[in-house]
>>> print(open('query_35.txt').read())   # compact mmCIF, C-alpha atoms
# COMPACT_ATOMS: atom_id res chain seq x y z
CA MET A 168 99.33 148.53 -123.15
CA GLN A 169 100.83 151.93 -123.77
CA PRO A 170 103.78 151.81 -126.20
CA ASN A 171 107.14 151.07 -124.57
CA THR A 172 105.55 149.97 -121.29
CA ARG A 173 108.03 148.20 -118.99
CA LEU A 174 106.72 147.02 -115.63
CA ASN A 175 109.23 146.12 -112.93
CA LYS A 176 109.43 145.02 -109.30
CA GLU A 177 110.60 148.44 -108.13
CA ASP A 178 106.96 149.54 -108.39
CA CYS A 179 105.76 146.67 -106.20
CA ASP A 180 103.97 147.31 -102.91
CA LYS A 181 105.17 144.83 -100.28
CA ASN A 182 101.97 145.33 -98.25
CA PRO A 183 99.13 146.06 -100.67
CA ALA A 184 95.71 146.80 -99.22
CA PRO A 185 93.44 143.72 -99.28
CA ASP A 186 90.82 145.36 -101.50
CA PHE A 187 93.49 146.65 -103.89
CA HIS A 188 95.16 143.25 -104.01
CA ARG A 189 91.86 141.45 -104.58
CA ARG A 190 90.85 143.77 -107.42
CA TYR A 191 94.20 143.41 -109.20
CA ARG A 192 94.11 139.62 -108.96
CA GLY A 193 90.53 139.64 -110.23
CA ILE A 194 91.42 141.75 -113.28
CA VAL A 195 94.45 139.64 -114.19
CA GLY A 196 92.57 136.37 -113.63
CA SER A 197 89.77 137.53 -115.93
CA LEU A 198 92.29 138.51 -118.61
CA GLY A 199 93.75 135.00 -118.38
CA CYS A 200 90.37 133.49 -119.21
CA LEU A 201 90.01 135.74 -122.25
CA VAL A 202 93.51 134.92 -123.50
CA LYS A 203 92.82 131.19 -123.34
CA MET A 204 89.46 131.45 -125.11
CA THR A 205 89.06 134.29 -127.58
CA ARG A 206 91.63 137.10 -127.26
CA PRO A 207 95.21 136.16 -128.20
CA ASP A 208 95.99 139.87 -128.58
CA LEU A 209 95.94 140.15 -124.77
CA ALA A 210 98.61 137.48 -124.26
CA TRP A 211 101.56 139.82 -123.69
CA ALA A 212 99.67 142.18 -121.40
CA TYR A 213 98.43 139.23 -119.35
CA SER A 214 101.92 137.76 -119.13
CA GLU A 215 103.37 141.05 -117.90
CA LEU A 216 100.65 141.78 -115.37
CA SER A 217 100.62 138.26 -113.94
CA LYS A 218 104.27 138.60 -112.83
CA TYR A 219 103.19 141.03 -110.11
CA MET A 220 100.16 139.25 -108.69
CA GLN A 221 101.63 138.93 -105.20
CA PHE A 222 102.95 142.46 -104.62
CA SER A 223 101.14 144.63 -107.14
CA GLY A 224 101.59 148.38 -106.96
CA LYS A 225 99.82 151.45 -108.29
CA THR A 226 101.79 151.40 -111.56
CA HIS A 227 100.73 147.81 -112.17
CA MET A 228 97.10 148.66 -111.43
CA LEU A 229 97.19 151.58 -113.88
CA ALA A 230 98.51 149.23 -116.56
CA ALA A 231 95.77 146.71 -115.77
CA GLU A 232 93.09 149.40 -115.96
CA HIS A 233 94.50 150.54 -119.29
CA VAL A 234 93.95 147.00 -120.61
CA LEU A 235 90.34 147.19 -119.38
CA CYS A 236 89.89 150.45 -121.32
CA TYR A 237 91.27 148.71 -124.40
CA LEU A 238 88.80 145.85 -123.89
CA ARG A 239 85.91 148.29 -123.53
CA GLY A 240 86.77 149.80 -126.89
CA THR A 241 87.28 146.42 -128.60
CA TRP A 242 84.51 144.36 -126.98
CA ASN A 243 83.45 142.98 -130.38
CA GLN A 244 86.91 141.67 -131.34
CA THR A 245 87.41 137.93 -131.19
CA ILE A 246 88.79 135.03 -133.21
CA ARG A 247 87.00 134.91 -136.55
CA TYR A 248 86.27 131.48 -137.99
CA SER A 249 85.25 131.37 -141.64
CA ARG A 250 84.14 128.90 -144.31
CA ASP A 251 86.24 130.74 -146.88
CA SER A 252 88.50 128.47 -148.92
CA HIS A 253 92.23 128.48 -148.22
CA ASP A 254 95.07 127.87 -150.64
CA ASN A 255 96.71 125.44 -148.23
CA PRO A 256 94.08 123.80 -146.00
CA ASN A 257 95.14 121.99 -142.83
CA VAL A 258 98.72 123.29 -142.96
CA LEU A 259 100.25 124.33 -139.66
CA TRP A 260 102.09 127.63 -139.83
CA GLY A 261 102.75 130.61 -137.63
CA TRP A 262 105.19 133.11 -136.16
CA ALA A 263 107.81 132.82 -133.44
CA ASP A 264 109.54 135.86 -132.00
CA THR A 265 111.40 137.07 -128.93
CA ASP A 266 112.28 140.32 -127.22
CA TRP A 267 115.85 139.87 -126.03
CA ALA A 268 116.62 140.67 -122.36
CA SER A 269 113.36 142.59 -122.09
CA ASP A 270 112.63 141.71 -118.46
CA THR A 271 114.33 144.49 -116.51
CA ASP A 272 114.17 142.48 -113.26
CA THR A 273 115.96 139.35 -114.50
CA ARG A 274 117.20 140.25 -118.01
CA ARG A 275 115.48 137.19 -119.37
CA SER A 276 114.00 137.37 -122.86
CA HIS A 277 110.32 137.23 -123.64
CA THR A 278 109.16 134.56 -126.08
CA GLU A 279 106.00 134.41 -128.15
CA HIS A 280 104.65 132.08 -130.79
CA ILE A 281 101.32 131.80 -132.57
CA LEU A 282 100.34 128.59 -134.33
CA MET A 283 97.75 128.99 -137.10
CA MET A 284 95.64 126.64 -139.20
CA ASN A 285 93.20 127.65 -141.92
CA GLY A 286 93.59 131.31 -141.07
CA VAL A 287 92.88 131.18 -137.32
CA PRO A 288 95.06 130.60 -134.24
CA ILE A 289 94.95 127.21 -132.55
CA SER A 290 97.76 127.87 -130.08
CA CYS A 291 99.29 131.03 -128.64
CA LYS A 292 101.93 131.45 -125.94
CA SER A 293 103.60 134.54 -124.52
CA ARG A 294 105.99 133.95 -121.65
CA ARG A 295 109.35 134.81 -120.13
CA GLN A 296 112.15 132.38 -120.98
CA ASP A 297 113.45 130.11 -118.23
CA ASN A 298 117.08 131.23 -118.54
CA VAL A 299 119.04 134.32 -119.51
CA SER A 300 120.05 134.28 -123.18
CA LEU A 301 123.51 135.65 -123.94
CA SER A 302 122.67 136.88 -127.44
CA THR A 303 119.72 137.71 -129.65
CA SER A 304 120.48 134.62 -131.74
CA GLU A 305 120.20 132.38 -128.70
CA ALA A 306 116.94 134.02 -127.61
CA GLU A 307 115.47 133.58 -131.10
CA PHE A 308 116.69 129.97 -131.22
CA VAL A 309 114.97 129.20 -127.91
CA ALA A 310 111.74 130.74 -129.23
CA ALA A 311 111.93 128.64 -132.39
CA SER A 312 112.57 125.47 -130.37
CA GLN A 313 109.55 126.07 -128.17
CA ALA A 314 107.40 126.78 -131.21
CA GLY A 315 108.68 123.60 -132.85
CA GLN A 316 107.69 121.52 -129.84
CA GLU A 317 104.19 122.96 -129.97
CA ALA A 318 103.86 122.29 -133.71
CA ILE A 319 105.03 118.68 -133.43
CA TYR A 320 102.59 118.15 -130.56
CA TYR A 321 99.67 119.19 -132.77
CA VAL A 322 100.91 117.07 -135.66
CA LYS A 323 100.94 114.02 -133.39
CA ARG A 324 97.65 114.97 -131.76
CA TYR A 325 95.75 115.09 -135.04
CA PRO A 326 96.59 111.94 -137.08
CA ILE A 327 95.35 113.46 -140.35
CA LEU A 328 98.18 116.02 -140.22
CA ASP A 329 100.78 113.32 -139.64
CA PHE A 330 99.27 111.19 -142.40
CA LEU A 331 99.46 114.04 -144.92
CA LYS A 332 103.13 114.60 -144.03
CA LEU A 333 102.58 118.33 -143.86
CA LYS A 334 105.58 120.37 -142.73
CA PRO A 335 104.76 123.13 -140.21
CA LEU A 336 106.12 126.53 -141.24
CA PHE A 337 107.29 129.21 -138.81
CA SER A 338 108.29 132.72 -139.79
CA LYS A 339 111.31 134.24 -138.07
CA ASP A 340 112.72 137.76 -138.35
CA SER A 341 116.20 136.49 -137.41
CA LEU A 342 118.32 135.32 -140.33
CA ALA A 343 120.90 133.97 -137.87
CA CYS A 344 118.28 131.71 -136.30
CA VAL A 345 117.11 130.45 -139.70
CA ALA A 346 120.69 129.72 -140.77
CA MET A 347 121.51 127.93 -137.52
CA SER A 348 118.40 125.76 -137.84
CA GLU A 349 119.46 124.57 -141.30
CA ASN A 350 123.16 124.20 -140.49
CA PRO A 351 123.53 123.80 -136.70
CA VAL A 352 127.31 123.74 -136.48
CA ARG A 353 128.96 124.98 -133.31
CA ARG A 354 130.47 128.24 -134.51
CA LYS A 355 132.14 130.58 -132.03
CA PHE A 356 129.04 132.77 -131.96
CA SER A 357 126.66 129.90 -131.14
CA ARG A 358 128.74 127.47 -129.12
CA HIS A 359 127.35 128.89 -125.87
CA ILE A 360 123.82 127.75 -126.74
CA ASP A 361 122.73 124.79 -124.65
CA ILE A 362 122.42 121.51 -126.56
CA ARG A 363 118.75 121.16 -125.59
CA LYS A 364 117.96 124.23 -127.64
CA TYR A 365 119.23 122.58 -130.80
CA TYR A 366 115.96 120.66 -130.93
CA VAL A 367 114.64 122.93 -133.67
CA GLY A 368 117.74 122.20 -135.77
CA GLU A 369 116.99 118.49 -135.63
CA LEU A 370 113.38 119.11 -136.65
CA VAL A 371 114.50 121.13 -139.67
CA LEU A 372 117.14 118.61 -140.73
CA ASN A 373 114.63 115.77 -140.42
CA GLY A 374 112.12 117.62 -142.60
CA LEU A 375 109.56 118.00 -139.80
CA LEU A 376 109.66 121.79 -139.60
CA LYS A 377 110.77 124.75 -141.70
CA LEU A 378 111.75 128.26 -140.60
CA VAL A 379 111.05 131.05 -143.05
CA PRO A 380 112.71 134.51 -142.99
CA LEU A 381 110.30 137.41 -142.51
CA ARG A 382 110.76 141.16 -142.20
CA THR A 383 110.36 142.45 -138.66
CA ARG A 384 107.53 144.81 -139.61
CA LYS A 385 105.52 141.80 -140.79
CA MET A 386 106.22 139.73 -137.68
CA VAL A 387 102.78 139.32 -136.13
CA ALA A 388 104.23 137.74 -132.97
CA ASP A 389 106.01 141.05 -132.33
CA ALA A 390 102.71 142.34 -130.93
CA LEU A 391 102.90 139.76 -128.17
CA THR A 392 106.50 140.29 -127.09
CA LYS A 393 106.30 144.01 -126.35
CA SER A 394 103.92 146.98 -126.36
CA LEU A 395 103.72 148.48 -129.86
CA PRO A 396 102.24 151.68 -131.28
CA SER A 397 98.52 151.40 -131.90
CA LEU A 398 98.65 151.21 -135.71
CA ALA A 399 101.15 148.33 -135.77
CA PHE A 400 99.38 146.48 -132.96
CA VAL A 401 95.95 146.69 -134.61
CA GLY A 402 97.37 145.44 -137.91
CA HIS A 403 98.92 142.41 -136.24
CA ARG A 404 95.73 141.78 -134.24
CA GLN A 405 93.64 141.67 -137.41
CA ILE A 406 95.90 138.95 -138.83
CA MET A 407 96.22 136.80 -135.72
CA THR A 408 92.46 136.72 -135.16
CA GLY A 409 91.60 135.82 -138.76
CA TYR A 410 90.15 139.13 -139.99
CA THR A 411 92.99 139.74 -142.44
CA SER A 412 94.42 136.94 -144.58
CA PHE A 413 98.13 136.32 -144.38
CA ALA A 414 98.59 132.58 -144.76
CA ALA A 415 98.27 132.43 -148.54
CA LYS A 416 101.01 135.00 -149.16
CA LEU A 417 103.32 133.35 -146.66
CA LEU A 418 102.92 129.84 -148.02
CA ARG A 419 103.33 130.93 -151.63
CA CYS A 420 106.59 132.73 -150.87
CA VAL A 421 108.16 129.52 -149.54
CA GLY A 422 106.77 127.25 -152.21
CA GLY A 423 104.12 125.52 -150.06
>>> encode(input="query_35.txt", output="structure tokens")
Amino acid sequence: MQPNTRLNKEDCDKNPAPDFHRRYRGIVGSLGCLVKMTRPDLAWAYSELSKYMQFSGKTHMLAAEHVLCYLRGTWNQTIRYSRDSHDNPNVLWGWADTDWASDTDTRRSHTEHILMMNGVPISCKSRRQDNVSLSTSEAEFVAASQAGQEAIYYVKRYPILDFLKLKPLFSKDSLACVAMSENPVRRKFSRHIDIRKYYVGELVLNGLLKLVPLRTRKMVADALTKSLPSLAFVGHRQIMTGYTSFAAKLLRCVGG
């Protein structure tokens, strides 16, 4: 999408023409298929457009058509699987990020995580959080908890990962979230966070997961929480689809 794009319900048409409505639903439905199969870089755009399936307006259609133009220019982009050796084979790692209070209709935050293995994504989610977060720390903590659930699911799903006792690694650009995960005490700035969201803290304390600090400009998941300038978006896309290596540097910086 265009940088700084923010769709909202004020642009909705309560009585869209049948042909217009059908075309919009067809575009968004097709994008959903691509996101699930080969194009994780479309996850945020799909998540935003799908919120207005029922009462889509002209602004929403223009945004959807812009995504189609992007697809036309990147028709050959997909997830790239390779036989190249990796420094840390079969290690789960990824990014988890959030855009605090980004939904202008509800002021809920938008959460994204990408789970990688051997240089390619095996899970990607971009969605609006279920509740309003009262601070950036809470929003980041929710994102980390959801990412932790997904990582533990894959560890249990593939017995070889559980057998090797490999600890999934997630990069976060929030030092507060990393600190809270390693020492989840109820300070005055975090006491409002619901107890269910402390799940990630338990995972870290039990040695099942580790959060790693990362500079915001290197946060690949940032591309799937908001619309970024083209240069930044393309750089993140190359990493998340396996065209540019990032895993080795990340794992070395945390000691494997």
>>> residues_near_point(input="query_35.txt", point="(105.3, 138.0, -139.0)", cutoff="10 Å", atoms="all atoms listed in the file", output="list of chain:residue names")
A:Gly261, A:Trp262, A:Ala263, A:Asp264, A:Ile281, A:Phe337, A:Ser338, A:Lys339, A:Asp340, A:Val379, A:Pro380, A:Leu381, A:Arg382, A:Thr383, A:Arg384, A:Lys385, A:Met386, A:Val387, A:Ala388, A:Asp389, A:Ala390, A:His403, A:Ile406, A:Met407, A:Phe413, A:Leu417
>>> residues_around(input="query_35.txt", residues="Arg274 of chain A", least_positions_apart="2", cutoff="10 Å", atoms="only C-alpha atoms", output="MDAnalysis selection string")
chainID A and resid 267:272 276:277 295:296 298:301
>>> atom_distance(input="query_35.txt", atom1="atom CA of Leu376 of chain A", atom2="atom CA of Asp266 of chain A")
22.4 Å
>>> closest_residue(input="query_35.txt", among="A:Thr278, A:Ser223, A:Ser394, A:Thr241", to="Asn171 of chain A", atoms="only C-alpha atoms")
A:Ser394
>>> residues_around(input="query_35.txt", residues="segment 190-195 of chain A", least_positions_apart="6", cutoff="9 Å", atoms="all atoms listed in the file", output="list in words")
Tyr213, Leu216, Ser217, Met220, Gln221, Ser223, His227, Met228, Ala231, Glu232 and Leu235 of chain A
>>> residues_near_point(input="query_35.txt", point="(115.9, 124.9, -141.5)", cutoff="6 Å", atoms="only C-alpha atoms", output="ChimeraX atom specification")
/A:345,348-349,371,377-378
>>> closest_residue(input="query_35.txt", among="A:Glu317, A:Val309, A:Ala212, A:Met283", to="Pro170 of chain A", atoms="all atoms listed in the file")
A:Ala212
>>> closest_residue(input="query_35.txt", among="A:Phe187, A:Tyr365, A:Tyr320, A:Trp211", to="His280 of chain A", atoms="only C-alpha atoms")
A:Trp211
>>> residues_around(input="query_35.txt", residues="Glu279 of chain A", least_positions_apart="3", cutoff="7 Å", atoms="only C-alpha atoms", output="list of chain:residue names")
A:Ala263, A:Asp264, A:Thr265, A:Lys292, A:Ser293, A:Arg294, A:Ala310, A:Ala388, A:Leu391, A:Thr392
>>> closest_residue(input="query_35.txt", among="A:Tyr366, A:Tyr410, A:Tyr325, A:Phe308", to="Ala343 of chain A", atoms="only C-alpha atoms")
A:Phe308
>>> atom_distance(input="query_35.txt", atom1="atom CA of Val367 of chain A", atom2="atom CA of Cys291 of chain A")
18.1 Å
>>> closest_residue(input="query_35.txt", among="A:Val258, A:Leu372, A:Ala346, A:Leu201", to="Gly286 of chain A", atoms="only C-alpha atoms")
A:Val258
>>> build_atoms(input="query_35.txt", residues="segment 391-405 of chain A", atoms="N, CA and C atoms", output="short mmCIF file (atom, residue, chain, number, x, y, z; two decimals), in the frame of the given file")
data_model
loop_
_atom_site.label_atom_id
_atom_site.label_comp_id
_atom_site.auth_asym_id
_atom_site.auth_seq_id
_atom_site.Cartn_x
_atom_site.Cartn_y
_atom_site.Cartn_z
N LEU A 391 103.07 140.48 -129.42
CA LEU A 391 102.90 139.76 -128.17
C LEU A 391 104.23 139.53 -127.45
N THR A 392 105.24 140.31 -127.83
CA THR A 392 106.50 140.29 -127.09
C THR A 392 106.81 141.65 -126.47
N LYS A 393 106.08 142.66 -126.88
CA LYS A 393 106.30 144.01 -126.35
C LYS A 393 105.09 144.87 -126.67
N SER A 394 105.02 146.05 -126.06
CA SER A 394 103.92 146.98 -126.36
C SER A 394 104.30 147.82 -127.57
N LEU A 395 103.45 147.79 -128.59
CA LEU A 395 103.72 148.48 -129.86
C LEU A 395 102.81 149.69 -130.02
N PRO A 396 103.16 150.60 -130.93
CA PRO A 396 102.24 151.68 -131.28
C PRO A 396 100.92 151.13 -131.80
N SER A 397 99.87 151.88 -131.62
CA SER A 397 98.52 151.40 -131.90
C SER A 397 98.35 150.87 -133.32
N LEU A 398 98.86 151.59 -134.32
CA LEU A 398 98.65 151.21 -135.71
C LEU A 398 99.26 149.84 -136.00
N ALA A 399 100.49 149.62 -135.54
CA ALA A 399 101.15 148.33 -135.77
C ALA A 399 100.44 147.22 -135.01
N PHE A 400 100.04 147.50 -133.77
CA PHE A 400 99.38 146.48 -132.96
C PHE A 400 98.05 146.05 -133.58
N VAL A 401 97.26 147.01 -134.02
CA VAL A 401 95.95 146.69 -134.61
C VAL A 401 96.12 145.87 -135.88
N GLY A 402 97.13 146.21 -136.69
CA GLY A 402 97.37 145.44 -137.91
C GLY A 402 97.71 144.00 -137.61
N HIS A 403 98.56 143.77 -136.62
CA HIS A 403 98.92 142.41 -136.24
C HIS A 403 97.71 141.67 -135.63
N ARG A 404 96.91 142.40 -134.86
CA ARG A 404 95.73 141.78 -134.24
C ARG A 404 94.76 141.28 -135.31
N GLN A 405 94.57 142.06 -136.35
CA GLN A 405 93.64 141.67 -137.41
C GLN A 405 94.09 140.37 -138.08
#
